[in-house]
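Asks: Mind looking over this structure? Questions follow.
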2 protein chains.
Amino acid sequence: TVRTYIQGEAKEPSIKTQIPGPNSKKLQSELNAIQLSDAVQLFVDYKKSLGNYIVDVDGNTILDTFTQISSVPVGYNHPEMLSVFNNEENLKALVNRPALGVFPGDYWPGKLRDVLLAISPGLPNVTTMMCGSCSNENAYKSMFITYRRKTRGENIDFSDLEKDSCMINQPPGAPDLSILSFHGAFHGRTMGVLATTHSKPIHKLDIPSFDWPTAPFPKYKYPLEEHLRENDEEDKRCLAIVEDLIETYRKKGKPVAGIVAEPIQSEGGDNEASPQFFQELQKIAKKNGAGFLMDEVQTGCGATGKFWAHEYFNLESPPDIVTFSKKMLIGGFYHNVDMRPQQPYRVFNTWMGDPGKIFLLEASLKVIKQNNLLENVNKVGHKLKKGLIQLEGEFPELLNSTRGRGTFLAINAASPNLRDSIIAKMKQKGVLMGGCGDLALRLRPALIFQEKHADVFFERFRNVLQNIDK
Amino acid sequence: TVRTYIQGEAKEPSIKTQIPGPNSKKLQSELNAIQLSDAVQLFVDYKKSLGNYIVDVDGNTILDTFTQISSVPVGYNHPEMLSVFNNEENLKALVNRPALGVFPGDYWPGKLRDVLLAISPGLPNVTTMMCGSCSNENAYKSMFITYRRKTRGENIDFSDLEKDSCMINQPPGAPDLSILSFHGAFHGRTMGVLATTHSKPIHKLDIPSFDWPTAPFPKYKYPLEEHLRENDEEDKRCLAIVEDLIETYRKKGKPVAGIVAEPIQSEGGDNEASPQFFQELQKIAKKNGAGFLMDEVQTGCGATGKFWAHEYFNLESPPDIVTFSKKMLIGGFYHNVDMRPQQPYRVFNTWMGDPGKIFLLEASLKVIKQNNLLENVNKVGHKLKKGLIQLEGEFPELLNSTRGRGTFLAINAASPNLRDSIIAKMKQKGVLMGGCGDLALRLRPALIFQEKHADVFFERFRNVLQNIDK
């Protein structure tokens with residue numbers, strides 16, 4: 001018997017108009033009068049959407065494998081999620097949003113402990129924020145603060161020169177430190193983290209930035225098991241450049257205070273690196289006194305088949321910092337005690353997160369646990385990956401390089417145009433997909449995506465591929 | 001007859017323990033095991049708090065004149081706010097949080113128009129974000145993008161050199177542009193906006209920054225009407241330095257793409273500048289092709305007695321951008337069409353705000369309108385200001401420089417220690433106050449703060465002042 005996670009979910013897509021249909025087009029022109037809306041694909045009726053299916057404003061029912069850029073953990077309108085604010089405490093915590101760093105509610109330490117620390121990747125502290133960019137920005141600040149504390153000497157006060165110079169953005173108070181990041185990385189769009197984002201020019205054009213080191217991220221040949229030697233050499237090549245850059249930037253007077261990487265580069269094209277690569281990278285960070293940050297904003301919360309993707313890497317110790325957002329619903333970062341500032345108001349802002357979101361996270365974690373959704377992700381992910389590899393075999397001129405873990409999967413199209421065309425055609429057949437990098441189709445379904453949904457996906461995908469003009 | 005905005009509100013403070021009391025201390029030690037919690041003042045029971053009064057976990061009832069760092073518009077547990085998510089559409093918009101830039105809900109253009117644009121300060125476009133820092137970061141990006149578009153030439157494509165160089169953080173793609181800000185300013189804590197924050201060293205120490213120009217903000221003598229000539233000269237002095245800095249940074253190869261200022265510098269000490277100052281500042285921005293941004297994150301939403309504080313300045317045209325957050329509950333910025341990027345994904349992120357917050361804003365705006373709360377703010381603000389000036393007269397060695405508009409008021413203590421001591425003693429008497437800058441006590445009550453609350457405040461304040469050891 002096939003388990004159904006949400007009663008009443010659609011059995012298959014149902015398409016009544018072109019997408020976007022007339023109602024979406026009308027709303028888009030209203031929105032465009034108020035703000036640039038060129039990225040909008042369609043308008044959704046969130047009252048009618050359910051489970052893995054969204055219903056748009058033209059009555060089209062669409063299987064969603066992209067889930068709001070990978071940020072819906074347990075599908076639309078899950079009854080557990082809808083009931084969260086029936087509870088008086090939860091509702092009043094949402095409506096009376098406190099400045100959590102100064103006047104937290106009585107519930108706050110307990111929720112941090114029972115909800116967030118219960119799923120911590122081995123790190124004892126957690127600091128909440130509002131989104132992925134903000135989480136990474138504050139994680140970088142923590143790495144700078146820790147690096148300077150060690151350079152200055154533990155328990156040494158700030159000098160007057162530091163206090164005065166920082167106020168006009170000059171060293172030594174505002175020191176020339178850097179964060180090492182990777183080509184293809186995406187860590188957000190505010191100006192600090194944007195300096196470490198290198199996925200697409202359109203994100204960075206016209207915005208001033210920092211002279212910080214950028215290393216190559218491994219580019220693997222697929223299937224992995226047939227290219228072990230080349231891929232291993234690729235790891236070594238990239239790691240050697242990381243070490244060179246750390247030395248170069250030290251000599252340049254911009255020492256590397258931290259290294260940031262995604263377990264799988266997502267926005268940049270679903271680029272994987274091996275456990276060995278990350279093990280060595282962490283060792284390089286330690287050797288050079290730099291913090292090691294795993295950005296799990298997109299990979300976290302179960303989609304790879306483990307709760308945190310870096311659990312696959314068997315690191316010798318947890319990363320110094322792990323950032324999260326998206327499917328976690330609340331932003332923030334786990335960190336070790338070394339990364340904890342020793343003075344208040346340094347990693348701080350008015351709201352410091354949003355209690356309303358931690359109650360939603362609590363409900364979604366309950367759903368994940370009660371339904372063994374990580375097991376579901378592994379089972380469905382296995383089927384999806386096998387199916388993608390089979391399609392590669394059937395359409396070798398169109399598809400290649402299936403990769404990923406759990407349902408966090410990608411496959412490359414032979415060209416950017418083909419990739420975009422597949423996404424467009426899949427949408428007209430009632431399946432919403434996302435792209436990333438230049439060539440990749442990325443799967444980012446909710447954790448309740450089942451084998452039956454995979455069947456619907458593959459039926460449509462095969463049909464689209466059969467009808468591509470070659 | 002005195003109108004009561006919230007039925008059942010406490011009549012006066014009631015203090016049962018030292019603050020923080022034993023329950024707050026216990027929770028603080030639990031929190032401190034999870035994150036640095038040195039800034040926490042007390043833990044609040046948000047179920048019991050009502051109107052202008054918070055109730056802490058030790059049963060103390062405290063009049064709140066600081067309201068979560070100025071971010072509670074209509075008091076705690078207002079019935080209109082508590083009923084927002086009884087509505088199915090609102091609840092489902094909250095729980096099914098979309099990627100608003102790609103798959104917005106059917107309700108979204110209407111809410112932007114009917115809620116946000118209905119209170120726009122004369123600007124036709126609005127872009128939502130999640131907090132004040134993020135709003136300013138994206139506003140700066142808009143100013144950089146617009147500045148470069150004009151320099152490059154309208155409708156000219158990005159060059160390959162720009163596309164390649166931006167990916168490694170180098171000009172011309174990542175150009176050496178700057179934002180001019182003011183000493184004493186606070187525009188947030190992520191790394192771009194932190195480069196324009198100059199209120200306190202602790203916010204900036206150890207964080208790398210940009211070499212951007214910082215001008216002096218006027219420092220006025222009070223009472224204003226007795227120092228017209230000096231203060232006018234102070235305006236001219238500061239404006240002359242602004243013009244010099246723009247020229248200096250142009251020659252330095254870091255042209256000023258935008259000027260950012262708060263209508264009243266809040267975190268930096270409630271520093272005011274005159275309408276003439278802002279009129280001239282806007283002219284200087286226009287003359288130099290720089291954007292003009294008014295940061296109304298703290299001043300917006302009615303507390304100054306006008307909905308936007310810069311309405312007092314009679315500017316010849318609206319600012320190019322006005323940012324908001326805090327009492328507006330949702331973050332974002334109003335902007336003119338000139339500041340609108342012409343390509344998608346440039347001012348973008350996963351969530352682009354949070355629909356749950358716009359429904360709460362809608363309810364609070366309804367309360368503000370139905371109860372004429374701007375009129376209330378002006379009436380109560382008049383009483384508060386008069387009372388503060390009277391206290392200056394009674395305690396000239398302790399207090400000076402009463403200033404501000406509406407209930408957005410401040411008064412200086414004679415020394416930083418005295419300021420901190422007054423805040424501590426007021427708390428023990430059941431009145432929560434905030435400080436800013438080195439010397440200022442700042443009042444930031446909710447818009448439902450009435451004359452009867454002012455009476456309670458002054459009774460306690462006078463008593464504290466009478467018992468200061470001189």
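Ordering of the structure tokens sets the chain letters (A, B, ...), residue numbers begin anew at 1 in every chain, and ligands are numbered from 1 in the order given.
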Name the residues in contact with range 114-122 of chain A at a cut-off of 6 Å, using only C-alpha atoms, excluding same-chain residues fewer than 3 positions from it; report them as a ChimeraX atom specification.

Replies: /A:110-111,362

Asks: Could the residues of chain B within 6 Å of chain A, counting only C-alpha atoms, be given as a PyMOL selection string, please?

Replies: chain B and resi 31+34-35+38-45+68+98-99+101-106+109+125+137+145+163+166-167+169+173-176+190-192+198+201+203-209+344+346

Asks: Any chance you could list, as a PyMOL selection string, the residues in range 260-312 of chain A that come up alpha helix (DSSP H) when DSSP is run on the backbone?

Replies: chain A and resi 275-287

Asks: Next, the residues of the selection above should be written as a PDB file, in the first residue's frame with N, CA, C and O atoms.

Replies:
```
ATOM      1  N   PRO A 275      33.684  14.046  -0.329  1.00  0.00           N
ATOM      2  CA  PRO A 275      33.996  14.106   1.101  1.00  0.00           C
ATOM      3  C   PRO A 275      35.472  14.413   1.335  1.00  0.00           C
ATOM      4  O   PRO A 275      35.809  15.217   2.215  1.00  0.00           O
ATOM      5  N   GLN A 276      36.369  13.808   0.554  1.00  0.00           N
ATOM      6  CA  GLN A 276      37.806  14.046   0.733  1.00  0.00           C
ATOM      7  C   GLN A 276      38.139  15.521   0.529  1.00  0.00           C
ATOM      8  O   GLN A 276      38.954  16.091   1.247  1.00  0.00           O
ATOM      9  N   PHE A 277      37.501  16.132  -0.485  1.00  0.00           N
ATOM     10  CA  PHE A 277      37.744  17.553  -0.745  1.00  0.00           C
ATOM     11  C   PHE A 277      37.407  18.383   0.494  1.00  0.00           C
ATOM     12  O   PHE A 277      38.194  19.227   0.928  1.00  0.00           O
ATOM     13  N   PHE A 278      36.242  18.131   1.073  1.00  0.00           N
ATOM     14  CA  PHE A 278      35.825  18.938   2.227  1.00  0.00           C
ATOM     15  C   PHE A 278      36.660  18.623   3.460  1.00  0.00           C
ATOM     16  O   PHE A 278      36.943  19.507   4.273  1.00  0.00           O
ATOM     17  N   GLN A 279      37.055  17.354   3.620  1.00  0.00           N
ATOM     18  CA  GLN A 279      37.935  17.014   4.753  1.00  0.00           C
ATOM     19  C   GLN A 279      39.244  17.806   4.666  1.00  0.00           C
ATOM     20  O   GLN A 279      39.717  18.379   5.651  1.00  0.00           O
ATOM     21  N   GLU A 280      39.826  17.821   3.459  1.00  0.00           N
ATOM     22  CA  GLU A 280      41.090  18.545   3.273  1.00  0.00           C
ATOM     23  C   GLU A 280      40.898  20.053   3.433  1.00  0.00           C
ATOM     24  O   GLU A 280      41.742  20.749   3.997  1.00  0.00           O
ATOM     25  N   LEU A 281      39.770  20.538   2.922  1.00  0.00           N
ATOM     26  CA  LEU A 281      39.491  21.975   3.016  1.00  0.00           C
ATOM     27  C   LEU A 281      39.404  22.399   4.485  1.00  0.00           C
ATOM     28  O   LEU A 281      39.953  23.440   4.889  1.00  0.00           O
ATOM     29  N   GLN A 282      38.725  21.596   5.281  1.00  0.00           N
ATOM     30  CA  GLN A 282      38.635  21.916   6.709  1.00  0.00           C
ATOM     31  C   GLN A 282      40.024  21.918   7.357  1.00  0.00           C
ATOM     32  O   GLN A 282      40.336  22.796   8.168  1.00  0.00           O
ATOM     33  N   LYS A 283      40.856  20.964   6.962  1.00  0.00           N
ATOM     34  CA  LYS A 283      42.219  20.929   7.530  1.00  0.00           C
ATOM     35  C   LYS A 283      43.006  22.178   7.145  1.00  0.00           C
ATOM     36  O   LYS A 283      43.754  22.733   7.959  1.00  0.00           O
ATOM     37  N   ILE A 284      42.866  22.607   5.901  1.00  0.00           N
ATOM     38  CA  ILE A 284      43.560  23.825   5.450  1.00  0.00           C
ATOM     39  C   ILE A 284      43.087  25.028   6.267  1.00  0.00           C
ATOM     40  O   ILE A 284      43.883  25.866   6.691  1.00  0.00           O
ATOM     41  N   ALA A 285      41.766  25.106   6.500  1.00  0.00           N
ATOM     42  CA  ALA A 285      41.230  26.217   7.306  1.00  0.00           C
ATOM     43  C   ALA A 285      41.861  26.195   8.696  1.00  0.00           C
ATOM     44  O   ALA A 285      42.368  27.219   9.172  1.00  0.00           O
ATOM     45  N   LYS A 286      41.845  25.037   9.333  1.00  0.00           N
ATOM     46  CA  LYS A 286      42.406  24.941  10.695  1.00  0.00           C
ATOM     47  C   LYS A 286      43.880  25.332  10.721  1.00  0.00           C
ATOM     48  O   LYS A 286      44.327  26.077  11.591  1.00  0.00           O
ATOM     49  N   LYS A 287      44.622  24.814   9.739  1.00  0.00           N
ATOM     50  CA  LYS A 287      46.066  25.065   9.711  1.00  0.00           C
ATOM     51  C   LYS A 287      46.361  26.561   9.615  1.00  0.00           C
ATOM     52  O   LYS A 287      47.371  27.044  10.127  1.00  0.00           O
TER      53      LYS A 287
END
```

Asks: So how far away is CA of Asp64 in chain B from CA of Asn372 in chain B, in Å?

Replies: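 Going from CA of Asn372 in chain B over to CA of Asp64 in chain B, I get 21.0 Å.
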
Asks: Calculate how many Å separate CA of Phe408 in chain B from CA of Gly381 in chain B, rounding to one decimal.

Replies: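 It comes out at 7.6 Å.
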
Asks: Tell me, as a JSON list (two decimals) with all heavy atoms, in the first residue's frame, which residues lie within 6 Å of Phe182 in chain B, counting only C-alpha atoms; anything in the same chain fewer than 2 positions away does not count.

Replies:
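Final output, selection_8.json:
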```
[["chain", "number", "residue", "atom", "x", "y", "z"],
["B", 185, "ALA", "N", 25.35, 58.17, 12.12],
["B", 185, "ALA", "CA", 24.26, 57.48, 11.42],
["B", 185, "ALA", "C", 24.18, 56.01, 11.83],
["B", 185, "ALA", "O", 25.17, 55.40, 12.24],
["B", 185, "ALA", "CB", 24.48, 57.56, 9.91],
["B", 214, "THR", "N", 32.36, 60.01, 4.81],
["B", 214, "THR", "CA", 31.49, 60.23, 5.97],
["B", 214, "THR", "C", 31.53, 61.71, 6.33],
["B", 214, "THR", "O", 32.60, 62.25, 6.63],
["B", 214, "THR", "CB", 31.98, 59.42, 7.19],
["B", 214, "THR", "OG1", 32.26, 58.08, 6.77],
["B", 214, "THR", "CG2", 30.93, 59.39, 8.28],
["B", 215, "ALA", "N", 30.39, 62.35, 6.31],
["B", 215, "ALA", "CA", 30.31, 63.79, 6.58],
["B", 215, "ALA", "C", 29.77, 64.03, 7.99],
["B", 215, "ALA", "O", 29.11, 63.17, 8.56],
["B", 215, "ALA", "CB", 29.38, 64.45, 5.56],
["B", 216, "PRO", "N", 30.07, 65.21, 8.55],
["B", 216, "PRO", "CA", 29.47, 65.52, 9.86],
["B", 216, "PRO", "C", 27.98, 65.80, 9.72],
["B", 216, "PRO", "O", 27.54, 66.39, 8.74],
["B", 216, "PRO", "CB", 30.23, 66.77, 10.32],
["B", 216, "PRO", "CG", 30.71, 67.41, 9.05],
["B", 216, "PRO", "CD", 30.95, 66.30, 8.07],
["B", 217, "PHE", "N", 27.22, 65.33, 10.69],
["B", 217, "PHE", "CA", 25.78, 65.65, 10.77],
["B", 217, "PHE", "C", 25.66, 66.84, 11.70],
["B", 217, "PHE", "O", 26.42, 66.95, 12.67],
["B", 217, "PHE", "CB", 25.03, 64.43, 11.32],
["B", 217, "PHE", "CG", 23.55, 64.45, 11.07],
["B", 217, "PHE", "CD1", 23.04, 64.19, 9.80],
["B", 217, "PHE", "CD2", 22.66, 64.70, 12.10],
["B", 217, "PHE", "CE1", 21.67, 64.17, 9.56],
["B", 217, "PHE", "CE2", 21.27, 64.69, 11.87],
["B", 217, "PHE", "CZ", 20.78, 64.42, 10.61]]
```
